[in-house]
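Structure first, commentary second.
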Amino acid sequence: MNVADTTRIVCALVLASGIATAPLAGRVELGLLALALLVTYALERPGSRWLASRVGPLVLGIVALLVPLWLTGDVARANRLALRAFAAAWCATLILSQLTLPRLAPALRALGVPLALRSAIHTLVWQLEHVAEEGRRLILARELRQARRFGPEVLSELLVRTAARAERVDLALRLRGVHDPSARSRYAYGALDVATLAACLGLGVALHWLGRSAP
Amino acid sequence: MHLPDGILTSPALWAAGNVAGGAASVALVRRVNPSARGVAFSGTLAAFVLAAQALNVPLLPGASAHVIGAGLLTLVLGPARAVLALLAVVVVQAFFFADGGLTVLGVNALHIAVLPVLAVHASQRLFGARAPNAALVLGTFAGNVLSALSLATLLVFGAHVPPKLAFGWLVGVQALAGLVEGALTAMARGNLVRLAPGLFAARAARAQLPEPLDDLAPRSAPPGSAWVWAAVALTIAWALLPFASRAPDALERVVESHQPSQ
């Protein structure tokens with residue numbers, strides 16, 4: 001589905017909110033929910049490995065949270081909560097599956113998220129890569145010196161090194177006049193964006209309306 | 001402690017979201033300058049916390065927990081920046097790792113970013129000067145317990161989970177996790193003090209780092225200085241008033257010269 005990142009984020013929020021707070025009492029609603037799950041899968045078509053890596057932990061988390069309810073015998077409500085949680089997360093995760101980490105901060109900027117939070121997210125994303133890279137370098141250096149490969153002191157050293165590198169790179173960026181690295185992208189919205197948003201909104205409203213009008 | 005979507009009812013979501021939103025707003029306002037150089041360091045620590053939170057450690061049979069990281073972040077960055085860094089972690093987890101829901105971002109922010117940071121900060125303020133490690137362990141433990149209590153309350157009222165189960169299970173596991181995390185944070189602090197002592201001493205850190213070249217934040221002026229400067233400006237203006245020209249300025253001249261009626 002070729003829509004703007006901002007549309008993806010808003011659609012995921014709208015659809016997840018609609019599903020997560022819907023009563024889900026009747027068969028029509030359940031049918032509509034199943035349709036939403038299938039449609040989001042058909043539109044995004046994520047790889048099976050990606051899907052397993054996201055959905056596996058998600059299912060485990062939901063089950064762990066709802067075990068107490070199942071144990072106390074409130075099975076029907078636990079099942080309904082589990083279905084709602086799974087459906088909301090499934091739709092949100094699939095809609096956001098095409099959004100990559102470096103594109104999050106610019107999209108949040110376009111949505112009006114304050115600079116302080118945006119820059120924190122941007123730096124976090126940028127540093128994730130650096131932490132991994134510095135970690136590999138540190139471990140390699142220790143192996144070459146035949147020192148112990150891993151320990152608490154390695155983590156502390158990794159933090160200090162990565163922070164020092166981040167400071168250097170950040171200062172270099174500022175000296176070049178880059179104050180807000182997330183201010184690069186501009187989004188062009190088309191009919192598909194409007195249609196996707198309208199569909200998500202319509203589905204959320206329909207789920208609520210059906211739930212409230214159910215006997 | 002990451003709650004998925006669909007578990008809580010709307011009122012519970014709104015209540016927790018508002019509290020977390022309020023705290024985040026305070027953090028955003030209190031944070032001095034979003035373009036200051038400390039952002040790079042906050043991001044590095046947040047990336048570490050994100051990686052650490054991905055590791056779930058089994059604590060009791062059938063229950064696991066992960067570190068929150070509020071202790072280290074609060075100690076090094078201060079409460080406002082720590083809340084923002086943890087908020088960034090929660091947002092990235094929800095958007096990319098399906099760890100915590102989108103509609104419960106407020107709830108997760110409250111229990112992972114706001115309450116633990118406040119607890120650690122309070123503990124630091126009370127005991128930090130005398131026994132920093134003990135304050136860290138106590139703050140982390142209290143933060144975990146406080147978050148678990150709040151989450152259990154929300155689950156009881158917002159998802160009708162039996163109180164005995166919610167409080168007993170959640171608070172028990174998180175108390176244990178808090179103790180372990182507190183001890184780990186104290187160890188990490190010891191290592192970091194040895195490797196980079198400047199991190200924990202604000203003055204030393206300021207002495208080591210040069211001032212940002214493009215610090216756009218307004219400098220805090222002593223109270224009353226604005227009035228003094230206003231009085232000086234008015235005096236100068238009053239003194240120069242007799243020398244003012246009666247001729248129109250450049251813009252007025254241009255406007256006058258382009259008026260068709262004249």
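Following the order of the structure tokens, first chain is A, next is B, and so on, with residues numbered from 1 inside each chain and ligands from 1 in the order they appear.
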Selection near B:Arg194, 10 Å with only C-alpha atoms, sequence-local residues under 4 positions removed, as a PDB file with N, CA and C atoms, in the first residue's frame:
ATOM      1  N   GLU A 153      31.915  -4.662  32.608  1.00  0.00           N
ATOM      2  CA  GLU A 153      32.786  -3.524  32.283  1.00  0.00           C
ATOM      3  C   GLU A 153      32.748  -3.218  30.776  1.00  0.00           C
ATOM      4  N   SER A 156      29.766  -0.915  30.160  1.00  0.00           N
ATOM      5  CA  SER A 156      30.039   0.464  30.581  1.00  0.00           C
ATOM      6  C   SER A 156      30.947   1.153  29.569  1.00  0.00           C
TER       7      SER A 156
ATOM      8  N   ALA B 188      26.358  -0.736  37.610  1.00  0.00           N
ATOM      9  CA  ALA B 188      26.656   0.040  36.396  1.00  0.00           C
ATOM     10  C   ALA B 188      27.170   1.420  36.772  1.00  0.00           C
ATOM     11  N   ARG B 189      26.564   2.005  37.816  1.00  0.00           N
ATOM     12  CA  ARG B 189      27.011   3.321  38.259  1.00  0.00           C
ATOM     13  C   ARG B 189      28.472   3.264  38.712  1.00  0.00           C
ATOM     14  N   GLY B 190      28.789   2.195  39.480  1.00  0.00           N
ATOM     15  CA  GLY B 190      30.176   2.038  39.947  1.00  0.00           C
ATOM     16  C   GLY B 190      31.141   1.989  38.768  1.00  0.00           C
ATOM     17  N   GLY B 198      33.028  12.190  34.987  1.00  0.00           N
ATOM     18  CA  GLY B 198      32.361  13.443  34.634  1.00  0.00           C
ATOM     19  C   GLY B 198      30.868  13.295  34.419  1.00  0.00           C
TER      20      GLY B 198
END
Once you count only C-alpha atoms, what closest atom pair and distance in Å to one decimal does each residue of chain A within 6 Å of chain B have, with rows by chain and rising residue number, as a Markdown table?
| residue | atom | partner | partner_atom | distance |
| --- | --- | --- | --- | --- |
| A:Ser17 | CA | B:Thr103 | CA | 5.6 |
| A:Ala20 | CA | B:Gly6 | CA | 3.8 |
| A:Leu81 | CA | B:Ile7 | CA | 5.7 |
| A:Arg84 | CA | B:Gly6 | CA | 5.1 |
| A:Ala85 | CA | B:Gly6 | CA | 4.2 |
| A:Ala116 | CA | B:Pro34 | CA | 4.7 |
| A:Ala120 | CA | B:Gly43 | CA | 5.8 |
| A:Ile121 | CA | B:Ala88 | CA | 5.0 |
| A:Thr123 | CA | B:Gly43 | CA | 4.7 |
| A:Leu124 | CA | B:Gly43 | CA | 4.2 |
| A:Gln127 | CA | B:Thr44 | CA | 5.5 |
| A:Leu128 | CA | B:Ala47 | CA | 5.3 |
| A:Ser156 | CA | B:Leu192 | CA | 5.9 |
| A:Ala163 | CA | B:Phe41 | CA | 5.4 |
| A:Ala166 | CA | B:Ala40 | CA | 5.5 |
| A:Glu167 | CA | B:Ala40 | CA | 5.7 |
For atom CA of A:Met1 and atom CA of A:Leu15, determine how far apart the two atoms are, in Å to one decimal place. 15.7 Å
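Taking atom CA of A:Cys200 as the reference point, atom CA of A:Cys11 is found at 6.0 Å.
Using only C-alpha atoms, the shortest contact distance between A:Gly204 and any of A:Leu66, A:Ala88, A:Val59, A:Ala25 is found at A:Ala88.
When only C-alpha atoms are used to compute distances to A:Arg54, the closest of the residues A:Ala92, A:Leu158, A:Ala78, A:Leu69 turns out to be A:Ala92.
Picture a line from atom CA of B:Glu181 to atom CA of B:Ala142; it runs 11.2 Å.
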